[in-house]
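Structure data (mmCIF, C-alpha atoms) from structure.cif:
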data_work
loop_
_atom_site.label_atom_id
_atom_site.label_comp_id
_atom_site.auth_asym_id
_atom_site.auth_seq_id
_atom_site.Cartn_x
_atom_site.Cartn_y
_atom_site.Cartn_z
CA HIS G 31 0.00 0.00 0.00
CA HIS G 32 1.02 3.58 -0.61
CA THR G 33 1.32 6.16 2.12
CA PRO G 34 3.16 9.48 2.34
CA GLU G 35 6.08 9.87 4.70
CA TYR G 36 4.05 12.31 6.81
CA GLY G 37 0.80 14.27 6.77
CA TRP G 38 -2.82 13.41 6.01
CA MET G 39 -3.84 11.78 2.72
CA ASN G 40 -7.16 10.72 1.20
CA ASP G 41 -8.59 10.46 -2.36
CA PRO G 42 -6.36 9.09 -5.15
CA ASN G 43 -6.14 11.64 -7.97
CA GLY G 44 -4.69 12.07 -11.45
CA MET G 45 -3.49 8.52 -12.05
CA VAL G 46 -1.75 7.88 -15.39
CA TYR G 47 0.73 5.37 -16.84
CA ALA G 48 3.43 7.03 -18.97
CA ASP G 49 6.80 5.79 -20.27
CA GLY G 50 6.81 2.71 -18.06
CA VAL G 51 5.97 4.63 -14.88
CA TRP G 52 2.77 4.70 -12.83
CA HIS G 53 1.93 8.18 -11.52
CA LEU G 54 -0.25 8.54 -8.44
CA CYS G 55 -1.39 11.90 -7.17
CA TYR G 56 -3.50 12.13 -4.04
CA GLN G 57 -5.22 14.52 -1.67
CA TRP G 58 -2.56 15.56 0.82
CA ASN G 59 -2.06 17.90 3.73
CA PRO G 60 1.70 18.49 3.80
CA TYR G 61 1.48 20.42 7.08
CA GLY G 62 -0.43 18.19 9.46
CA SER G 63 -2.11 14.89 10.29
CA LYS G 64 -5.72 16.07 9.84
CA TRP G 65 -7.72 17.06 6.74
CA ALA G 66 -6.73 20.60 5.71
CA ASN G 67 -4.55 22.50 3.21
CA MET G 68 -5.52 20.18 0.36
CA THR G 69 -2.85 19.82 -2.34
CA TRP G 70 -1.95 17.09 -4.82
CA GLY G 71 0.85 14.95 -3.48
CA HIS G 72 2.76 12.87 -6.04
CA SER G 73 4.43 9.46 -6.05
CA THR G 74 5.61 7.12 -8.83
CA SER G 75 6.15 3.40 -9.13
CA LYS G 76 7.32 0.90 -11.72
CA ASP G 77 5.55 -2.07 -10.10
CA LEU G 78 2.69 -0.56 -8.02
CA VAL G 79 4.34 -1.95 -4.88
CA HIS G 80 7.43 0.20 -4.34
CA TRP G 81 6.83 3.97 -4.42
CA GLU G 82 9.05 7.02 -4.78
CA HIS G 83 7.81 10.32 -3.39
CA HIS G 84 8.16 13.53 -5.41
CA ALA G 85 7.61 17.22 -4.92
CA THR G 86 4.02 18.40 -4.53
CA THR G 87 2.29 18.45 -7.92
CA ILE G 88 -0.46 21.09 -7.64
CA VAL G 89 -0.67 23.56 -4.74
CA PRO G 90 -3.42 25.92 -3.53
CA ASP G 91 -3.68 29.28 -5.28
CA GLY G 92 -5.97 32.30 -5.36
CA LEU G 93 -8.91 30.16 -6.48
CA GLY G 94 -8.72 27.93 -3.42
CA ALA G 95 -7.52 24.57 -2.15
CA ILE G 96 -6.87 21.76 -4.62
CA PHE G 97 -9.61 19.16 -4.29
CA SER G 98 -9.94 15.87 -6.19
CA GLY G 99 -9.81 15.37 -9.95
CA SER G 100 -8.24 13.29 -12.69
CA SER G 101 -5.55 13.38 -15.37
CA VAL G 102 -5.31 12.18 -18.96
CA ILE G 103 -2.57 11.87 -21.56
CA ASP G 104 -3.52 14.12 -24.47
CA ALA G 105 -2.09 11.98 -27.29
CA LYS G 106 -3.86 14.01 -29.98
CA ASN G 107 -2.74 17.41 -28.60
CA SER G 108 -6.37 18.47 -28.51
CA ALA G 109 -5.69 21.06 -25.81
CA GLY G 110 -2.72 22.60 -27.61
CA PHE G 111 -0.21 22.02 -24.81
CA GLY G 112 1.79 19.54 -26.90
CA LYS G 113 1.46 15.91 -27.98
CA ASP G 114 1.26 13.56 -24.97
CA ALA G 115 0.96 16.44 -22.51
CA ILE G 116 -0.64 15.27 -19.27
CA VAL G 117 -3.72 17.37 -18.53
CA ALA G 118 -5.25 17.48 -15.05
CA LEU G 119 -8.68 18.75 -14.05
CA TYR G 120 -9.40 19.38 -10.39
CA THR G 121 -11.76 21.31 -8.13
CA SER G 122 -10.63 24.70 -6.84
CA ALA G 123 -12.36 25.04 -3.48
CA ALA G 124 -12.77 28.26 -1.54
CA VAL G 125 -16.02 30.14 -0.92
CA SER G 126 -17.36 28.28 -3.96
CA GLN G 127 -16.24 25.22 -5.92
CA MET G 128 -14.95 25.63 -9.47
CA GLN G 129 -13.17 23.34 -11.92
CA SER G 130 -9.61 24.20 -12.95
CA LEU G 131 -6.95 22.83 -15.28
CA ALA G 132 -3.20 22.27 -15.07
CA TYR G 133 -0.87 20.57 -17.54
CA SER G 134 2.50 18.85 -17.61
CA THR G 135 4.94 18.69 -20.53
CA ASP G 136 7.63 16.70 -18.70
CA GLY G 137 5.77 13.42 -18.24
CA GLY G 138 3.83 14.33 -15.12
CA TYR G 139 6.57 15.55 -12.78
CA THR G 140 5.74 19.28 -12.85
CA PHE G 141 2.50 21.03 -13.74
CA THR G 142 1.65 24.51 -15.03
CA THR G 143 -1.62 26.08 -13.93
CA TYR G 144 -3.77 27.09 -16.91
CA PRO G 145 -4.13 30.91 -17.01
CA GLY G 146 -7.76 30.63 -18.14
CA ASN G 147 -8.94 29.03 -14.89
CA PRO G 148 -11.59 28.39 -13.79
CA ILE G 149 -12.87 26.48 -16.83
CA ILE G 150 -16.25 25.51 -15.30
CA THR G 151 -18.31 27.44 -12.77
CA LEU G 152 -21.73 26.40 -11.45
CA PRO G 153 -24.04 28.10 -8.93
CA THR G 154 -24.03 25.08 -6.59
CA GLU G 155 -21.39 22.72 -5.20
CA ALA G 156 -19.80 20.48 -7.84
CA ARG G 157 -16.50 18.66 -7.59
CA ASP G 158 -14.14 15.80 -8.46
CA PRO G 159 -13.99 15.96 -12.30
CA ASN G 160 -13.23 12.59 -13.88
CA MET G 161 -12.55 12.50 -17.62
CA PHE G 162 -11.66 10.13 -20.45
CA TRP G 163 -11.34 10.11 -24.24
CA ASP G 164 -14.49 8.79 -25.96
CA GLU G 165 -13.04 7.22 -29.10
CA ALA G 166 -16.41 6.24 -30.57
CA ASN G 167 -17.59 9.85 -30.65
CA GLY G 168 -14.26 11.66 -30.99
CA GLN G 169 -14.61 13.74 -27.83
CA TRP G 170 -13.61 14.09 -24.22
CA VAL G 171 -16.18 13.11 -21.60
CA MET G 172 -16.17 14.34 -18.02
CA LEU G 173 -18.26 13.38 -15.03
CA LEU G 174 -18.70 15.94 -12.26
CA ALA G 175 -20.31 15.23 -8.90
CA HIS G 176 -23.22 17.59 -8.22
CA ALA G 177 -22.65 16.80 -4.58
CA LEU G 178 -25.61 18.23 -2.66
CA GLU G 179 -28.01 17.61 -5.54
CA LYS G 180 -26.96 13.94 -5.37
CA GLU G 181 -26.50 13.48 -9.09
CA MET G 182 -23.70 13.24 -11.66
CA LEU G 183 -23.28 15.78 -14.45
CA ILE G 184 -21.92 14.58 -17.81
CA PHE G 185 -19.98 17.06 -19.98
CA ASN G 186 -18.43 16.87 -23.47
CA SER G 187 -15.40 18.73 -24.83
CA PRO G 188 -13.25 18.80 -27.97
CA ASP G 189 -10.18 20.26 -26.25
CA LEU G 190 -10.32 19.71 -22.44
CA LYS G 191 -10.78 23.47 -21.95
CA THR G 192 -14.32 24.18 -23.21
CA TRP G 193 -17.01 21.95 -21.75
CA THR G 194 -20.71 21.56 -22.56
CA LEU G 195 -23.22 20.01 -20.17
CA ALA G 196 -24.76 17.03 -22.00
CA SER G 197 -26.91 15.29 -19.38
CA ARG G 198 -27.50 14.44 -15.74
CA PHE G 199 -27.81 11.10 -13.96
CA GLY G 200 -28.88 10.03 -10.52
CA LYS G 201 -31.66 12.28 -9.26
CA GLY G 202 -33.64 10.07 -6.88
CA ILE G 203 -31.69 6.95 -7.95
CA GLY G 204 -29.58 4.65 -5.79
CA ALA G 205 -28.39 5.43 -2.28
CA GLN G 206 -29.17 9.08 -1.52
CA ASP G 207 -28.35 9.36 2.18
CA GLY G 208 -25.00 11.11 1.73
CA VAL G 209 -23.43 13.58 -0.68
CA TRP G 210 -22.39 12.23 -4.09
CA GLU G 211 -18.67 12.50 -4.84
CA CYS G 212 -15.76 11.05 -6.84
CA PRO G 213 -17.52 9.76 -9.99
CA ASP G 214 -16.11 7.48 -12.66
CA LEU G 215 -17.43 6.01 -15.92
CA PHE G 216 -15.82 3.21 -17.92
CA GLU G 217 -16.67 0.32 -20.25
CA LEU G 218 -16.10 -3.35 -19.37
CA PRO G 219 -16.67 -6.63 -21.25
CA VAL G 220 -19.32 -8.99 -19.90
CA ALA G 221 -17.59 -12.27 -19.08
CA GLY G 222 -18.37 -15.10 -21.47
CA THR G 223 -20.04 -12.86 -24.05
CA GLU G 224 -19.14 -10.33 -26.73
CA VAL G 225 -21.26 -7.70 -24.97
CA LYS G 226 -19.78 -4.62 -23.33
CA LYS G 227 -21.50 -2.57 -20.64
CA TRP G 228 -20.71 0.75 -18.98
CA VAL G 229 -20.16 1.16 -15.24
CA LEU G 230 -20.88 4.45 -13.48
CA VAL G 231 -19.20 4.71 -10.08
CA CYS G 232 -20.60 7.00 -7.39
CA ASN G 233 -19.01 7.43 -3.97
CA ILE G 234 -21.28 8.59 -1.16
CA ASN G 235 -20.58 9.92 2.32
CA PRO G 236 -22.24 8.84 4.57
CA GLY G 237 -24.87 6.25 3.63
CA GLY G 238 -22.91 3.02 3.16
CA PRO G 239 -24.57 -0.36 3.82
CA PHE G 240 -22.75 -0.68 7.16
CA GLY G 241 -22.46 3.00 8.01
CA GLY G 242 -19.79 5.45 6.99
CA SER G 243 -18.82 6.13 3.39
CA ALA G 244 -19.13 3.69 0.49
CA THR G 245 -18.80 3.18 -3.24
CA GLN G 246 -21.98 2.37 -5.17
CA TYR G 247 -22.14 1.68 -8.88
CA PHE G 248 -24.63 1.35 -11.72
CA ILE G 249 -24.42 -0.81 -14.85
CA GLY G 250 -25.91 0.45 -18.10
CA ASP G 251 -25.30 1.98 -21.52
CA PHE G 252 -23.59 5.21 -22.59
CA ASP G 253 -23.94 6.91 -25.97
CA GLY G 254 -21.40 9.68 -25.47
CA LYS G 255 -23.87 12.05 -23.86
CA THR G 256 -26.30 10.09 -21.68
CA PHE G 257 -25.89 7.19 -19.26
CA LYS G 258 -28.94 4.92 -18.99
CA ALA G 259 -28.87 2.46 -16.11
CA ASP G 260 -30.14 -1.11 -16.47
CA THR G 261 -33.19 -2.13 -14.48
CA ASP G 262 -34.01 -5.33 -12.61
CA THR G 263 -36.93 -7.66 -13.33
CA ASN G 264 -39.23 -5.29 -11.43
CA GLY G 265 -38.21 -2.31 -13.53
CA ASN G 266 -36.17 -0.70 -10.76
CA ILE G 267 -32.56 0.50 -10.92
CA PRO G 268 -30.69 -1.55 -8.29
CA THR G 269 -28.09 -0.10 -5.96
CA LYS G 270 -24.88 -2.13 -6.17
CA TRP G 271 -22.01 -1.87 -3.69
CA MET G 272 -18.37 -2.29 -4.64
CA ASP G 273 -17.48 -3.26 -1.07
CA TYR G 274 -19.52 -3.97 2.06
CA GLY G 275 -16.97 -2.88 4.62
CA LYS G 276 -17.31 0.40 6.48
CA ASP G 277 -15.61 3.44 4.92
CA HIS G 278 -14.66 2.23 1.43
CA TYR G 279 -14.26 5.48 -0.41
CA ALA G 280 -13.09 7.46 -3.45
CA ALA G 281 -12.59 4.37 -5.62
CA VAL G 282 -11.66 5.24 -9.22
CA SER G 283 -10.38 3.33 -12.22
#
Show me the file's structure as structure tokens.
Amino acid sequence: HHTPEYGWMNDPNGMVYADGVWHLCYQWNPYGSKWANMTWGHSTSKDLVHWEHHATTIVPDGLGAIFSGSSVIDAKNSAGFGKDAIVALYTSAAVSQMQSLAYSTDGGYTFTTYPGNPIITLPTEARDPNMFWDEANGQWVMLLAHALEKEMLIFNSPDLKTWTLASRFGKGIGAQDGVWECPDLFELPVAGTEVKKWVLVCNINPGGPFGGSATQYFIGDFDGKTFKADTDTNGNIPTKWMDYGKDHYAAVS
């Protein structure tokens, strides 16, 4: 398991695999053992067992503390920062919560804050952007947790900088006891078939099956804009749990 040499850590952030190296960023308080002063810590590994710590990746600025997010390798140079630049989206958190961008041109070891930040602002709390390249539709897709509304927002973008809200998922669906955070969306093959299904991950806090936080997920279909969850034999969307232990949180692919 990974742990920093000192200080508080929580959510894994900005994970990429580049040039034979696994990069792990994470929510980190470099100044104390309790949650505060959120920055992105950074470690690397060649085997996912042994880790080397590096300088802090993204630090708080005038827009606020650096909350959770994700990173991608921009192989097509869609953002204009250079081929294979690593682009990170994260939540800037102060009086309000906004989505910001930073990019790396040295393989993920140092990041430059995008001067056009914030790139997304909403009137209510939204956080933890998670993005991926949608090859079938030639676009970037991002999920954003509309935390207090207890739903996930799905955005599209051609360049990682300009985002359009495409749809919403989750209002009144699944476990609704806690805030919705740390989303993810990915496609998996169904074992023993040629069928593929999409999995939408939603972390909630509290509201887990045995108290505390938990990771729920939904199985369904995604067309590039809208996620439609499968229903059971009674026509209901079932709540599925990734783990039944107490406090299983911030799971991402």
The PyMOL selection byres ((chain G and resi 46) around 10) applied to the shown file, residues as a PyMOL selection string: chain G and resi 43-45+47-48+51-55+74+100-103+116+137-138
Produce a table with one row for each residue of range 61-106 of chain G that has an atom at most 12 Å from any atom of range 191-214 of chain G, each row naming the nearest atom pair and its distance in Å at one decimal; use all atoms listed in the file; arrange rows by chain and rising residue number; format as a tab-separated table.
residue	atom	partner	partner_atom	distance
G:Phe97	CA	G:Cys212	CA	10.5
G:Ser98	CA	G:Cys212	CA	7.6
G:Gly99	CA	G:Cys212	CA	8.0
G:Ser100	CA	G:Asp214	CA	9.8
Explicit residues for the PyMOL selection byres ((chain G and resi 132) around 7) (as a PyMOL selection string): chain G and resi 117-119+131+133+141-144
Could you save the residues just selected, with C-alpha atoms, as a short mmCIF file (atom, residue, chain, number, x, y, z; two decimals), keeping the file's coordinate frame?
data_model
loop_
_atom_site.label_atom_id
_atom_site.label_comp_id
_atom_site.auth_asym_id
_atom_site.auth_seq_id
_atom_site.Cartn_x
_atom_site.Cartn_y
_atom_site.Cartn_z
CA VAL G 117 -3.72 17.37 -18.53
CA ALA G 118 -5.25 17.48 -15.05
CA LEU G 119 -8.68 18.75 -14.05
CA LEU G 131 -6.95 22.83 -15.28
CA TYR G 133 -0.87 20.57 -17.54
CA PHE G 141 2.50 21.03 -13.74
CA THR G 142 1.65 24.51 -15.03
CA THR G 143 -1.62 26.08 -13.93
CA TYR G 144 -3.77 27.09 -16.91
#
Straight-line distance linking CA of Phe185 in chain G with CA of Lys270 in chain G, stated in Å to one decimal: 24.1 Å
Matched chain/residue IDs from the PyMOL selection byres ((chain G and resi 62-70) around 12), as a PyMOL selection string: chain G and resi 34-45+53-61+71-73+83-91+94-101+118-124+132+139-141
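Ranking G:Asn167, G:Ile234, G:Asp251, G:Gln246 by their shortest atom-to-atom distance to Pro268 in chain G, with all atoms listed in the file included, puts G:Gln246 first.
Taking CA of Ala109 in chain G as the reference point, CA of Trp170 in chain G is found at 10.7 Å.
When all atoms listed in the file are used to measure the gap to Ser75 in chain G, the shortest distance among G:Ile267, G:Ala221, G:His32, G:Leu152 belongs to G:His32.
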Counting all atoms listed in the file, the option among G:Asp164, G:Glu224, G:Phe248, G:Ala281 closest to Asn266 in chain G: G:Phe248
Residues near Met272 in chain G, cut-off 10 Å, all atoms listed in the file, skip fewer than 6 positions along chain, as a list in words: Val231, Cys232, Asn233, Ala244, Thr245, Gln246, Tyr247, His278, Tyr279 and Ala281 of chain G
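Proximity to Met172 in chain G was assessed for G:Gly254, G:Gly275, G:Pro219, G:Gly237 counting all atoms listed in the file; the smallest distance is recorded for G:Gly254.
Checking G:Glu165, G:Glu181, G:Asp104, G:Glu155 one by one against Glu217 in chain G, counting all atoms listed in the file, you find the shortest gap at G:Glu165.
Counting from CA of Ser187 in chain G, the distance to CA of Val171 in chain G is 6.5 Å.
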Which of G:Leu93, G:Met182, G:Leu174, G:Ile249 sits closest to Val125 in chain G [using only C-alpha atoms]: G:Leu93
